[in-house]
file work-v8.pdb (PDB, C-alpha atoms)
ATOM      1  CA  MET A 260      51.751-174.448-131.266  1.00  0.00           C
ATOM      2  CA  THR A 261      51.355-170.753-130.421  1.00  0.00           C
ATOM      3  CA  LYS A 262      51.675-169.463-126.858  1.00  0.00           C
ATOM      4  CA  PRO A 263      47.946-168.551-126.568  1.00  0.00           C
ATOM      5  CA  GLU A 264      47.016-172.045-127.743  1.00  0.00           C
ATOM      6  CA  LYS A 265      49.405-173.606-125.217  1.00  0.00           C
ATOM      7  CA  LEU A 266      47.869-171.490-122.453  1.00  0.00           C
ATOM      8  CA  LEU A 267      44.376-172.518-123.520  1.00  0.00           C
ATOM      9  CA  ARG A 268      45.359-176.180-123.565  1.00  0.00           C
ATOM     10  CA  GLY A 269      46.988-175.697-120.174  1.00  0.00           C
ATOM     11  CA  MET A 270      43.764-174.192-118.845  1.00  0.00           C
ATOM     12  CA  VAL A 271      41.819-177.231-120.077  1.00  0.00           C
ATOM     13  CA  GLY A 272      44.301-179.525-118.352  1.00  0.00           C
ATOM     14  CA  ALA A 273      44.132-177.462-115.148  1.00  0.00           C
ATOM     15  CA  TRP A 274      40.322-177.444-115.295  1.00  0.00           C
ATOM     16  CA  GLU A 275      40.257-181.241-115.475  1.00  0.00           C
ATOM     17  CA  MET A 276      42.442-181.410-112.350  1.00  0.00           C
ATOM     18  CA  LEU A 277      40.487-178.777-110.405  1.00  0.00           C
ATOM     19  CA  ILE A 278      36.865-178.823-111.513  1.00  0.00           C
ATOM     20  CA  ASP A 279      34.409-181.717-111.619  1.00  0.00           C
ATOM     21  CA  PHE A 280      32.035-179.939-114.030  1.00  0.00           C
ATOM     22  CA  PRO A 281      32.803-181.267-117.535  1.00  0.00           C
ATOM     23  CA  LEU A 282      33.691-178.881-120.332  1.00  0.00           C
ATOM     24  CA  PRO A 283      31.760-179.138-123.643  1.00  0.00           C
ATOM     25  CA  ASP A 284      32.911-182.144-125.683  1.00  0.00           C
ATOM     26  CA  GLY A 285      33.695-180.074-128.761  1.00  0.00           C
ATOM     27  CA  PHE A 286      35.869-177.687-126.765  1.00  0.00           C
ATOM     28  CA  VAL A 287      37.775-180.561-125.160  1.00  0.00           C
ATOM     29  CA  ARG A 288      38.285-182.276-128.520  1.00  0.00           C
ATOM     30  CA  LYS A 289      39.760-179.069-129.971  1.00  0.00           C
ATOM     31  CA  PHE A 290      41.877-177.879-127.051  1.00  0.00           C
ATOM     32  CA  GLY A 291      42.222-180.881-124.747  1.00  0.00           C
ATOM     33  CA  GLY A 292      44.561-183.826-125.007  1.00  0.00           C
ATOM     34  CA  ARG A 293      48.307-183.826-124.562  1.00  0.00           C
ATOM     35  CA  VAL A 294      49.792-180.762-122.919  1.00  0.00           C
ATOM     36  CA  ASP A 295      52.987-180.308-120.949  1.00  0.00           C
ATOM     37  CA  ALA A 296      52.875-179.983-117.160  1.00  0.00           C
ATOM     38  CA  THR A 297      54.277-176.443-117.253  1.00  0.00           C
ATOM     39  CA  SER A 298      51.331-175.230-119.343  1.00  0.00           C
ATOM     40  CA  LYS A 299      48.952-176.880-116.878  1.00  0.00           C
ATOM     41  CA  LEU A 300      50.670-175.072-114.008  1.00  0.00           C
ATOM     42  CA  GLU A 301      50.210-171.754-115.813  1.00  0.00           C
ATOM     43  CA  GLY A 302      46.579-172.667-116.393  1.00  0.00           C
ATOM     44  CA  PHE A 303      45.690-172.964-112.707  1.00  0.00           C
ATOM     45  CA  PRO A 304      45.405-169.227-111.922  1.00  0.00           C
ATOM     46  CA  LEU A 305      43.976-168.510-115.393  1.00  0.00           C
ATOM     47  CA  VAL A 306      41.087-170.902-114.763  1.00  0.00           C
ATOM     48  CA  GLY A 307      40.355-168.958-111.571  1.00  0.00           C
ATOM     49  CA  VAL A 308      40.291-165.694-113.524  1.00  0.00           C
ATOM     50  CA  ALA A 309      37.950-167.080-116.190  1.00  0.00           C
ATOM     51  CA  ILE A 310      35.459-168.491-113.696  1.00  0.00           C
ATOM     52  CA  GLY A 311      35.630-165.446-111.428  1.00  0.00           C
ATOM     53  CA  LEU A 312      34.890-163.098-114.320  1.00  0.00           C
ATOM     54  CA  LEU A 313      31.908-165.211-115.385  1.00  0.00           C
ATOM     55  CA  LEU A 314      30.460-165.118-111.861  1.00  0.00           C
ATOM     56  CA  ALA A 315      31.036-161.363-111.506  1.00  0.00           C
ATOM     57  CA  PHE A 316      29.517-160.601-114.931  1.00  0.00           C
ATOM     58  CA  ALA A 317      26.502-162.822-114.200  1.00  0.00           C
ATOM     59  CA  ALA A 318      25.892-160.914-110.974  1.00  0.00           C
ATOM     60  CA  ALA A 319      26.314-157.548-112.713  1.00  0.00           C
ATOM     61  CA  PHE A 320      23.838-158.608-115.406  1.00  0.00           C
ATOM     62  CA  CYS A 321      21.287-159.688-112.793  1.00  0.00           C
ATOM     63  CA  ALA A 322      21.743-156.368-111.001  1.00  0.00           C
ATOM     64  CA  LEU A 323      20.858-154.544-114.229  1.00  0.00           C
ATOM     65  CA  VAL A 324      17.880-156.757-115.051  1.00  0.00           C
ATOM     66  CA  PHE A 325      16.449-156.794-111.530  1.00  0.00           C
ATOM     67  CA  LYS A 326      17.781-154.539-108.775  1.00  0.00           C
ATOM     68  CA  PRO A 327      21.270-154.075-107.282  1.00  0.00           C
ATOM     69  CA  LEU A 328      20.265-155.877-104.089  1.00  0.00           C
ATOM     70  CA  ALA A 329      18.968-158.848-106.082  1.00  0.00           C
ATOM     71  CA  GLY A 330      22.196-158.939-108.065  1.00  0.00           C
ATOM     72  CA  CYS A 331      24.243-159.077-104.856  1.00  0.00           C
ATOM     73  CA  VAL A 332      22.115-161.923-103.498  1.00  0.00           C
ATOM     74  CA  ILE A 333      22.454-163.852-106.758  1.00  0.00           C
ATOM     75  CA  PHE A 334      26.211-163.292-106.756  1.00  0.00           C
ATOM     76  CA  ALA A 335      26.514-164.597-103.186  1.00  0.00           C
ATOM     77  CA  ILE A 336      24.447-167.676-104.020  1.00  0.00           C
ATOM     78  CA  LEU A 337      26.269-168.433-107.281  1.00  0.00           C
ATOM     79  CA  ALA A 338      29.728-167.905-105.796  1.00  0.00           C
ATOM     80  CA  THR A 339      28.997-169.969-102.682  1.00  0.00           C
ATOM     81  CA  ALA A 340      27.516-172.779-104.779  1.00  0.00           C
ATOM     82  CA  PHE A 341      30.492-172.827-107.112  1.00  0.00           C
ATOM     83  CA  LEU A 342      33.047-172.835-104.296  1.00  0.00           C
ATOM     84  CA  ASP A 343      31.290-175.863-102.814  1.00  0.00           C
ATOM     85  CA  LEU A 344      30.341-177.814-105.942  1.00  0.00           C
ATOM     86  CA  LYS A 345      33.427-177.325-108.133  1.00  0.00           C
ATOM     87  CA  ASP A 346      34.998-180.398-106.474  1.00  0.00           C
ATOM     88  CA  SER A 347      31.694-182.162-105.704  1.00  0.00           C
ATOM     89  CA  GLY A 348      31.812-180.893-102.127  1.00  0.00           C
ATOM     90  CA  ARG A 349      35.113-182.588-101.220  1.00  0.00           C
ATOM     91  CA  GLY A 350      36.700-179.387 -99.959  1.00  0.00           C
ATOM     92  CA  LEU A 351      33.706-178.635 -97.759  1.00  0.00           C
ATOM     93  CA  ALA A 352      33.644-182.229 -96.501  1.00  0.00           C
ATOM     94  CA  LEU A 353      37.351-182.127 -95.632  1.00  0.00           C
ATOM     95  CA  LEU A 354      36.898-178.849 -93.743  1.00  0.00           C
ATOM     96  CA  THR A 355      33.908-180.253 -91.872  1.00  0.00           C
ATOM     97  CA  CYS A 356      35.715-183.486 -91.036  1.00  0.00           C
ATOM     98  CA  GLY A 357      38.693-181.515 -89.755  1.00  0.00           C
ATOM     99  CA  LEU A 358      36.501-179.320 -87.555  1.00  0.00           C
ATOM    100  CA  LEU A 359      34.747-182.373 -86.123  1.00  0.00           C
ATOM    101  CA  LEU A 360      38.050-184.056 -85.264  1.00  0.00           C
ATOM    102  CA  ARG A 361      39.382-180.856 -83.661  1.00  0.00           C
ATOM    103  CA  GLN A 362      36.146-180.625 -81.651  1.00  0.00           C
ATOM    104  CA  ARG A 363      36.882-184.118 -80.351  1.00  0.00           C
ATOM    105  CA  GLY A 364      40.398-183.029 -79.379  1.00  0.00           C
ATOM    106  CA  VAL A 365      42.308-184.966 -82.050  1.00  0.00           C
ATOM    107  CA  PRO A 366      45.707-183.281 -82.694  1.00  0.00           C
ATOM    108  CA  LEU A 367      46.097-181.635 -86.092  1.00  0.00           C
ATOM    109  CA  ARG A 368      48.959-183.846 -87.245  1.00  0.00           C
ATOM    110  CA  GLU A 369      46.974-186.966 -86.412  1.00  0.00           C
ATOM    111  CA  SER A 370      43.710-185.741 -87.908  1.00  0.00           C
ATOM    112  CA  LEU A 371      44.909-184.622 -91.358  1.00  0.00           C
ATOM    113  CA  PRO A 372      45.807-188.073 -92.792  1.00  0.00           C
ATOM    114  CA  GLY A 373      42.409-189.391 -91.685  1.00  0.00           C
ATOM    115  CA  LEU A 374      40.301-186.634 -93.221  1.00  0.00           C
ATOM    116  CA  THR A 375      37.767-187.729 -95.793  1.00  0.00           C
ATOM    117  CA  GLY A 376      36.011-185.924 -98.611  1.00  0.00           C
ATOM    118  CA  ASP A 377      33.323-188.604 -98.699  1.00  0.00           C
ATOM    119  CA  TRP A 378      30.152-187.297 -97.054  1.00  0.00           C
ATOM    120  CA  SER A 379      28.820-190.830 -96.522  1.00  0.00           C
ATOM    121  CA  ARG A 380      31.672-191.500 -94.062  1.00  0.00           C
ATOM    122  CA  ILE A 381      30.931-188.419 -91.935  1.00  0.00           C
ATOM    123  CA  GLY A 382      28.260-189.651 -89.578  1.00  0.00           C
ATOM    124  CA  ASN A 383      28.513-187.030 -86.828  1.00  0.00           C
ATOM    125  CA  PRO A 384      25.253-185.051 -86.418  1.00  0.00           C
ATOM    126  CA  LEU A 385      27.324-181.938 -85.681  1.00  0.00           C
ATOM    127  CA  ALA A 386      28.384-181.965 -89.339  1.00  0.00           C
ATOM    128  CA  ALA A 387      25.134-180.282 -90.346  1.00  0.00           C
ATOM    129  CA  VAL A 388      25.768-177.510 -87.816  1.00  0.00           C
ATOM    130  CA  PHE A 389      29.318-176.874 -89.052  1.00  0.00           C
ATOM    131  CA  VAL A 390      28.245-176.927 -92.700  1.00  0.00           C
ATOM    132  CA  SER A 391      25.370-174.520 -92.049  1.00  0.00           C
ATOM    133  CA  LEU A 392      27.660-172.080 -90.237  1.00  0.00           C
ATOM    134  CA  LEU A 393      30.292-172.261 -92.969  1.00  0.00           C
ATOM    135  CA  GLU A 394      27.764-171.767 -95.747  1.00  0.00           C
ATOM    136  CA  VAL A 395      25.977-168.874 -94.080  1.00  0.00           C
ATOM    137  CA  GLY A 396      29.297-167.240 -93.243  1.00  0.00           C
ATOM    138  CA  LYS A 397      30.662-167.545 -96.792  1.00  0.00           C
ATOM    139  CA  ALA A 398      27.446-166.307 -98.363  1.00  0.00           C
ATOM    140  CA  ALA A 399      27.290-163.340 -95.978  1.00  0.00           C
ATOM    141  CA  LEU A 400      30.883-162.326 -96.703  1.00  0.00           C
ATOM    142  CA  LEU A 401      30.361-162.677-100.455  1.00  0.00           C
ATOM    143  CA  PHE A 402      27.196-160.584-100.225  1.00  0.00           C
ATOM    144  CA  ALA A 403      29.106-157.911 -98.308  1.00  0.00           C
ATOM    145  CA  LEU A 404      31.747-157.816-101.040  1.00  0.00           C
ATOM    146  CA  ALA A 405      29.151-157.536-103.794  1.00  0.00           C
ATOM    147  CA  PHE A 406      27.045-154.941-101.979  1.00  0.00           C
ATOM    148  CA  SER A 407      30.171-152.808-101.533  1.00  0.00           C
ATOM    149  CA  GLY A 408      30.984-152.979-105.232  1.00  0.00           C
ATOM    150  CA  ALA A 409      33.726-155.604-104.968  1.00  0.00           C
ATOM    151  CA  LYS A 410      32.246-158.451-107.029  1.00  0.00           C
ATOM    152  CA  LEU A 411      35.574-158.841-108.846  1.00  0.00           C
ATOM    153  CA  TRP A 412      37.173-160.010-105.609  1.00  0.00           C
ATOM    154  CA  ILE A 413      35.886-163.481-106.500  1.00  0.00           C
ATOM    155  CA  VAL A 414      38.608-163.441-109.197  1.00  0.00           C
ATOM    156  CA  VAL A 415      41.218-162.903-106.473  1.00  0.00           C
ATOM    157  CA  ILE A 416      39.738-165.718-104.381  1.00  0.00           C
ATOM    158  CA  LEU A 417      39.658-168.291-107.178  1.00  0.00           C
ATOM    159  CA  ALA A 418      42.931-167.331-108.873  1.00  0.00           C
ATOM    160  CA  GLY A 419      44.700-167.288-105.502  1.00  0.00           C
ATOM    161  CA  ALA A 420      43.304-170.599-104.257  1.00  0.00           C
ATOM    162  CA  PHE A 421      43.979-172.325-107.587  1.00  0.00           C
ATOM    163  CA  THR A 422      47.530-170.962-107.598  1.00  0.00           C
ATOM    164  CA  VAL A 423      48.116-172.505-104.169  1.00  0.00           C
ATOM    165  CA  GLN A 424      46.756-175.837-105.389  1.00  0.00           C
ATOM    166  CA  GLY A 425      48.902-175.705-108.512  1.00  0.00           C
ATOM    167  CA  MET A 426      52.071-174.981-106.545  1.00  0.00           C
ATOM    168  CA  LEU A 427      51.300-177.777-104.074  1.00  0.00           C
ATOM    169  CA  ALA A 428      50.822-180.185-106.995  1.00  0.00           C
ATOM    170  CA  LEU A 429      54.547-179.696-107.723  1.00  0.00           C
ATOM    171  CA  GLU A 430      55.449-181.380-104.439  1.00  0.00           C
ATOM    172  CA  PRO A 431      56.029-185.152-104.268  1.00  0.00           C
ATOM    173  CA  ASP A 432      53.042-187.375-103.627  1.00  0.00           C
ATOM    174  CA  ARG A 433      53.217-188.799-100.115  1.00  0.00           C
ATOM    175  CA  GLU A 434      52.724-192.363-101.384  1.00  0.00           C
ATOM    176  CA  SER A 435      54.396-192.564-104.788  1.00  0.00           C
ATOM    177  CA  GLY A 436      56.886-189.714-104.431  1.00  0.00           C
ATOM    178  CA  ILE A 437      55.933-188.506-107.926  1.00  0.00           C
ATOM    179  CA  PRO A 438      54.389-184.996-108.159  1.00  0.00           C
ATOM    180  CA  LEU A 439      50.907-184.665-109.628  1.00  0.00           C
ATOM    181  CA  LEU A 440      52.445-181.954-111.842  1.00  0.00           C
ATOM    182  CA  PRO A 441      55.975-183.069-112.799  1.00  0.00           C
ATOM    183  CA  VAL A 442      57.189-179.621-113.867  1.00  0.00           C
ATOM    184  CA  PRO A 443      60.949-179.216-114.452  1.00  0.00           C
ATOM    185  CA  GLN A 444      62.674-177.302-111.682  1.00  0.00           C
ATOM    186  CA  GLU A 445      63.583-174.393-113.967  1.00  0.00           C
ATOM    187  CA  ASN A 446      59.900-173.863-114.925  1.00  0.00           C
ATOM    188  CA  ARG A 447      58.345-173.995-111.474  1.00  0.00           C
ATOM    189  CA  ARG A 448      58.181-170.230-111.107  1.00  0.00           C
ATOM    190  CA  ARG A 449      55.871-169.981-114.135  1.00  0.00           C
ATOM    191  CA  GLY A 450      52.806-170.358-111.926  1.00  0.00           C
ATOM    192  CA  TRP A 451      53.961-167.432-109.777  1.00  0.00           C
ATOM    193  CA  TRP A 452      54.662-165.323-112.876  1.00  0.00           C
ATOM    194  CA  ILE A 453      51.129-165.819-114.211  1.00  0.00           C
ATOM    195  CA  ALA A 454      49.617-165.158-110.776  1.00  0.00           C
ATOM    196  CA  GLY A 455      51.782-162.027-110.470  1.00  0.00           C
ATOM    197  CA  ILE A 456      50.592-160.659-113.815  1.00  0.00           C
ATOM    198  CA  ILE A 457      46.989-161.269-112.769  1.00  0.00           C
ATOM    199  CA  GLY A 458      47.681-159.476-109.496  1.00  0.00           C
ATOM    200  CA  LEU A 459      49.141-156.454-111.310  1.00  0.00           C
ATOM    201  CA  VAL A 460      45.953-156.109-113.353  1.00  0.00           C
ATOM    202  CA  LEU A 461      43.744-156.443-110.270  1.00  0.00           C
ATOM    203  CA  LEU A 462      45.760-153.769-108.454  1.00  0.00           C
ATOM    204  CA  ALA A 463      43.760-151.225-110.456  1.00  0.00           C
ATOM    205  CA  PHE A 464      40.601-152.370-108.642  1.00  0.00           C
ATOM    206  CA  PHE A 465      41.872-153.315-105.177  1.00  0.00           C
ATOM    207  CA  PRO A 466      45.287-151.657-104.618  1.00  0.00           C
ATOM    208  CA  PHE A 467      45.917-152.575-100.983  1.00  0.00           C
ATOM    209  CA  GLY A 468      43.726-155.686-100.917  1.00  0.00           C
ATOM    210  CA  VAL A 469      45.629-157.393-103.750  1.00  0.00           C
ATOM    211  CA  ILE A 470      48.979-156.776-102.022  1.00  0.00           C
ATOM    212  CA  VAL A 471      47.685-158.424 -98.842  1.00  0.00           C
ATOM    213  CA  ALA A 472      46.099-161.238-100.850  1.00  0.00           C
ATOM    214  CA  GLY A 473      49.350-161.843-102.741  1.00  0.00           C
ATOM    215  CA  ALA A 474      51.250-162.182 -99.489  1.00  0.00           C
ATOM    216  CA  ALA A 475      48.540-164.506 -98.137  1.00  0.00           C
ATOM    217  CA  VAL A 476      48.712-166.725-101.227  1.00  0.00           C
ATOM    218  CA  TYR A 477      52.509-166.942-101.135  1.00  0.00           C
ATOM    219  CA  PHE A 478      52.707-167.770 -97.437  1.00  0.00           C
ATOM    220  CA  ALA A 479      49.779-170.204 -97.688  1.00  0.00           C
ATOM    221  CA  SER A 480      51.499-172.052-100.534  1.00  0.00           C
ATOM    222  CA  THR A 481      54.924-172.229 -98.906  1.00  0.00           C
ATOM    223  CA  GLY A 482      53.458-172.854 -95.448  1.00  0.00           C
ATOM    224  CA  PHE A 483      51.245-175.741 -96.524  1.00  0.00           C
ATOM    225  CA  ALA A 484      54.044-177.247 -98.624  1.00  0.00           C
ATOM    226  CA  GLY A 485      56.509-177.127 -95.730  1.00  0.00           C
ATOM    227  CA  PHE A 486      54.010-178.528 -93.234  1.00  0.00           C
ATOM    228  CA  PHE A 487      52.949-181.406 -95.505  1.00  0.00           C
ATOM    229  CA  LEU A 488      56.539-182.310 -96.371  1.00  0.00           C
ATOM    230  CA  ARG A 489      57.719-182.236 -92.749  1.00  0.00           C
ATOM    231  CA  ASN A 490      54.831-184.234 -91.338  1.00  0.00           C
ATOM    232  CA  PHE A 491      53.651-186.474 -94.182  1.00  0.00           C
ATOM    233  CA  ASN A 492      56.635-186.618 -96.579  1.00  0.00           C
ATOM    234  CA  GLY A 493      54.556-185.115 -99.353  1.00  0.00           C
ATOM    235  CA  VAL A 494      51.084-184.156-100.467  1.00  0.00           C
ATOM    236  CA  SER A 495      47.951-185.973-101.569  1.00  0.00           C
ATOM    237  CA  PRO A 496      44.920-184.897-103.624  1.00  0.00           C
ATOM    238  CA  ASP A 497      42.883-184.519-100.419  1.00  0.00           C
ATOM    239  CA  LEU A 498      45.562-182.408 -98.713  1.00  0.00           C
ATOM    240  CA  ILE A 499      45.781-180.165-101.790  1.00  0.00           C
ATOM    241  CA  THR A 500      41.988-179.803-101.907  1.00  0.00           C
ATOM    242  CA  LEU A 501      41.896-178.943 -98.208  1.00  0.00           C
ATOM    243  CA  ALA A 502      44.630-176.330 -98.681  1.00  0.00           C
ATOM    244  CA  GLY A 503      42.637-174.799-101.523  1.00  0.00           C
ATOM    245  CA  ALA A 504      39.458-174.626 -99.439  1.00  0.00           C
ATOM    246  CA  LEU A 505      41.314-172.994 -96.529  1.00  0.00           C
ATOM    247  CA  THR A 506      42.926-170.478 -98.906  1.00  0.00           C
ATOM    248  CA  GLU A 507      39.499-169.561-100.277  1.00  0.00           C
ATOM    249  CA  LEU A 508      38.267-168.791 -96.776  1.00  0.00           C
ATOM    250  CA  LEU A 509      41.422-166.814 -95.994  1.00  0.00           C
ATOM    251  CA  LEU A 510      41.100-164.701 -99.159  1.00  0.00           C
ATOM    252  CA  LEU A 511      37.410-164.143 -98.519  1.00  0.00           C
ATOM    253  CA  ILE A 512      38.248-162.688 -95.106  1.00  0.00           C
ATOM    254  CA  VAL A 513      41.119-160.657 -96.593  1.00  0.00           C
ATOM    255  CA  GLY A 514      38.683-159.219 -99.133  1.00  0.00           C
ATOM    256  CA  VAL A 515      36.201-158.066 -96.509  1.00  0.00           C
ATOM    257  CA  LEU A 516      38.973-156.578 -94.370  1.00  0.00           C
ATOM    258  CA  PHE A 517      41.119-154.914 -97.034  1.00  0.00           C
ATOM    259  CA  ALA A 518      39.222-154.645-100.336  1.00  0.00           C
ATOM    260  CA  LEU A 519      36.056-152.789 -99.288  1.00  0.00           C
TER     261      LEU A 519
END
call {"tool": "encode", "arguments": {"input": "work-v8.pdb", "output": "structure tokens"}}
result
Amino acid sequence: MTKPEKLLRGMVGAWEMLIDFPLPDGFVRKFGGRVDATSKLEGFPLVGVAIGLLLAFAAAFCALVFKPLAGCVIFAILATAFLDLKDSGRGLALLTCGLLLRQRGVPLRESLPGLTGDWSRIGNPLAAVFVSLLEVGKAALLFALAFSGAKLWIVVILAGAFTVQGMLALEPDRESGIPLLPVPQENRRRGWWIAGIIGLVLLAFFPFGVIVAGAAVYFASTGFAGFFLRNFNGVSPDLITLAGALTELLLLIVGVLFAL
């Protein structure tokens, strides 16, 4: 199997772990199936690049067909919708649940294990307020990026957040003790290498912003991993999803502050 084919198979495996939208059956039959965990780890940031480029190109196309302002609005809508729907809203639900528990004064360490990504279990009427504020805020920041000519920052957001999730998947599961991605110790830096190469390419577009984003991604990954291991003896799918959602918000703010 050639290296490009291994990377493509790794991207399919990473997609199936990250994204709830199904890939075309024919594509999965050709490139899906058995793939080693290391290739999946390398696929995490690459999936972010692929999706980010599609969103940015769709917005650029709409800007040509309609008007630049319309293209920016479409970009903000598409990007916000994807960030929310890629995991069927679980990341948004976990963020909302966490905010509601903090509003009630529940300590962070006590609230995290009880967070839920199931909207049917969040019965607080304040949830609609928090969700509305989050959605409006994300869409406004994404519009600001697009209107300032920084549509490609969505690549940084997705590649960075997916890298954090991939690195956290290397940590032991808090219940079974077995990592979601059982990558050999000597191969665990592969995810950082791929993310670093992506960052070097993006430096041409956002020189200072990518440096800040790279630091944010590294410290988010190591910080979340250390916190989860100290307090919960490992990670869980919900904790990884929450970390990814928080990283997306962090990188969105970094983009507005340092990439415009």
call {"tool": "residues_around", "arguments": {"input": "work-v8.pdb", "residues": "Leu459 in chain A", "least_positions_apart": "4", "cutoff": "12 Å", "atoms": "only C-alpha atoms", "output": "list in words"}}
result
Val415, Trp452, Ile453, Ala454, Gly455, Ala463, Phe464, Phe465, Pro466, Phe467, Gly468, Val469, Ile470, Ala472 and Gly473 of chain A
call {"tool": "residues_around", "arguments": {"input": "work-v8.pdb", "residues": "Val442 in chain A", "least_positions_apart": "2", "cutoff": "10 Å", "atoms": "all atoms listed in the file", "output": "JSON, numbers by chain"}}
result
{"A": [295, 296, 297, 298, 299, 300, 428, 429, 430, 438, 439, 440, 444, 445, 446, 447, 448, 449]}
call {"tool": "closest_residue", "arguments": {"input": "work-v8.pdb", "among": "A:Val324, A:Ala420, A:Leu342, A:Leu511", "to": "Ile499 in chain A", "atoms": "only C-alpha atoms"}}
result
A:Ala420
call {"tool": "closest_residue", "arguments": {"input": "work-v8.pdb", "among": "A:Pro283, A:Gly357, A:Gly408, A:Gly307", "to": "Gly514 in chain A", "atoms": "all atoms listed in the file"}}
result
A:Gly408
call {"tool": "closest_residue", "arguments": {"input": "work-v8.pdb", "among": "A:Val306, A:Lys345, A:Phe421, A:Glu394", "to": "Leu510 in chain A", "atoms": "all atoms listed in the file"}}
result
A:Phe421
call {"tool": "resolve_selection", "arguments": {"input": "work-v8.pdb", "expression": "the PyMOL selection byres ((chain A and resi 339) around 12)", "output": "PyMOL selection string"}}
result
chain A and resi 311+314+332-338+340-345+348+351+393-402+413+416-417+504+507-508+511
call {"tool": "residues_around", "arguments": {"input": "work-v8.pdb", "residues": "Ala484 in chain A", "least_positions_apart": "6", "cutoff": "12 Å", "atoms": "all atoms listed in the file", "output": "VMD selection string"}}
result
chain A and resid 423 to 433 477 to 478 490 to 495 498 to 499 502
call {"tool": "atom_distance", "arguments": {"input": "work-v8.pdb", "atom1": "CA of Ile278 in chain A", "atom2": "CA of Asp346 in chain A"}}
result
5.6 Å
call {"tool": "atom_distance", "arguments": {"input": "work-v8.pdb", "atom1": "CA of Met276 in chain A", "atom2": "CA of Ala386 in chain A"}}
result
27.0 Å
call {"tool": "atom_distance", "arguments": {"input": "work-v8.pdb", "atom1": "CA of Gly485 in chain A", "atom2": "CA of Leu359 in chain A"}}
result
24.4 Å
call {"tool": "axis_aligned_box", "arguments": {"input": "work-v8.pdb", "around": "range 510-519 of chain A", "padding_each_side": "5 Å", "output": "lines of an AutoDock Vina configuration file"}}
result
center_x = 38.6
center_y = -158.7
center_z = -97.4
size_x = 15.1
size_y = 21.9
size_z = 16.0
call {"tool": "closest_residue", "arguments": {"input": "work-v8.pdb", "among": "A:Leu305, A:Cys356, A:Leu505, A:Ile456", "to": "Val476 in chain A", "atoms": "all atoms listed in the file"}}
result
A:Leu505
call {"tool": "closest_residue", "arguments": {"input": "work-v8.pdb", "among": "A:Gly419, A:Gly503, A:Gly350, A:Pro281", "to": "Gly458 in chain A", "atoms": "only C-alpha atoms"}}
result
A:Gly419
call {"tool": "closest_residue", "arguments": {"input": "work-v8.pdb", "among": "A:Val390, A:Leu404, A:Ala318, A:Ala418", "to": "Gly302 in chain A", "atoms": "only C-alpha atoms"}}
result
A:Ala418
call {"tool": "residues_near_point", "arguments": {"input": "work-v8.pdb", "point": "(45.7, -158.1, -95.2)", "cutoff": "6 Å", "atoms": "only C-alpha atoms", "output": "count of residues only"}}
result
3
call {"tool": "decode", "arguments": {"input": "work-v8.pdb", "residues": "range 490-499 of chain A", "atoms": "N, CA, C and O atoms", "output": "mmCIF file, in the first residue's frame"}}
result
data_model
loop_
_atom_site.group_PDB
_atom_site.id
_atom_site.type_symbol
_atom_site.label_atom_id
_atom_site.label_comp_id
_atom_site.auth_asym_id
_atom_site.auth_seq_id
_atom_site.Cartn_x
_atom_site.Cartn_y
_atom_site.Cartn_z
ATOM 1 N N ASN A 490 -7.929 14.218 36.867
ATOM 2 C CA ASN A 490 -9.220 14.270 37.561
ATOM 3 C C ASN A 490 -10.147 13.101 37.259
ATOM 4 O O ASN A 490 -11.009 12.782 38.078
ATOM 5 N N PHE A 491 -9.965 12.466 36.086
ATOM 6 C CA PHE A 491 -10.897 11.400 35.703
ATOM 7 C C PHE A 491 -10.183 10.120 35.278
ATOM 8 O O PHE A 491 -10.830 9.190 34.807
ATOM 9 N N ASN A 492 -8.862 10.075 35.431
ATOM 10 C CA ASN A 492 -8.072 8.889 35.085
ATOM 11 C C ASN A 492 -8.169 8.512 33.608
ATOM 12 O O ASN A 492 -7.967 7.345 33.247
ATOM 13 N N GLY A 493 -8.491 9.458 32.771
ATOM 14 C CA GLY A 493 -8.564 9.164 31.349
ATOM 15 C C GLY A 493 -9.580 10.039 30.651
ATOM 16 O O GLY A 493 -10.090 11.016 31.214
ATOM 17 N N VAL A 494 -9.863 9.678 29.413
ATOM 18 C CA VAL A 494 -10.784 10.463 28.592
ATOM 19 C C VAL A 494 -12.013 9.627 28.280
ATOM 20 O O VAL A 494 -12.099 8.453 28.621
ATOM 21 N N SER A 495 -12.970 10.253 27.640
ATOM 22 C CA SER A 495 -14.168 9.579 27.142
ATOM 23 C C SER A 495 -14.543 10.256 25.830
ATOM 24 O O SER A 495 -14.096 11.378 25.542
ATOM 25 N N PRO A 496 -15.384 9.621 25.005
ATOM 26 C CA PRO A 496 -15.799 10.278 23.763
ATOM 27 C C PRO A 496 -16.422 11.652 23.996
ATOM 28 O O PRO A 496 -16.166 12.596 23.237
ATOM 29 N N ASP A 497 -17.222 11.788 25.055
ATOM 30 C CA ASP A 497 -17.846 13.089 25.334
ATOM 31 C C ASP A 497 -16.810 14.138 25.739
ATOM 32 O O ASP A 497 -16.902 15.302 25.329
ATOM 33 N N LEU A 498 -15.831 13.739 26.556
ATOM 34 C CA LEU A 498 -14.791 14.693 26.957
ATOM 35 C C LEU A 498 -13.956 15.121 25.751
ATOM 36 O O LEU A 498 -13.583 16.295 25.631
ATOM 37 N N ILE A 499 -13.676 14.204 24.842
ATOM 38 C CA ILE A 499 -12.923 14.544 23.636
ATOM 39 C C ILE A 499 -13.734 15.479 22.750
ATOM 40 O O ILE A 499 -13.210 16.452 22.200
#
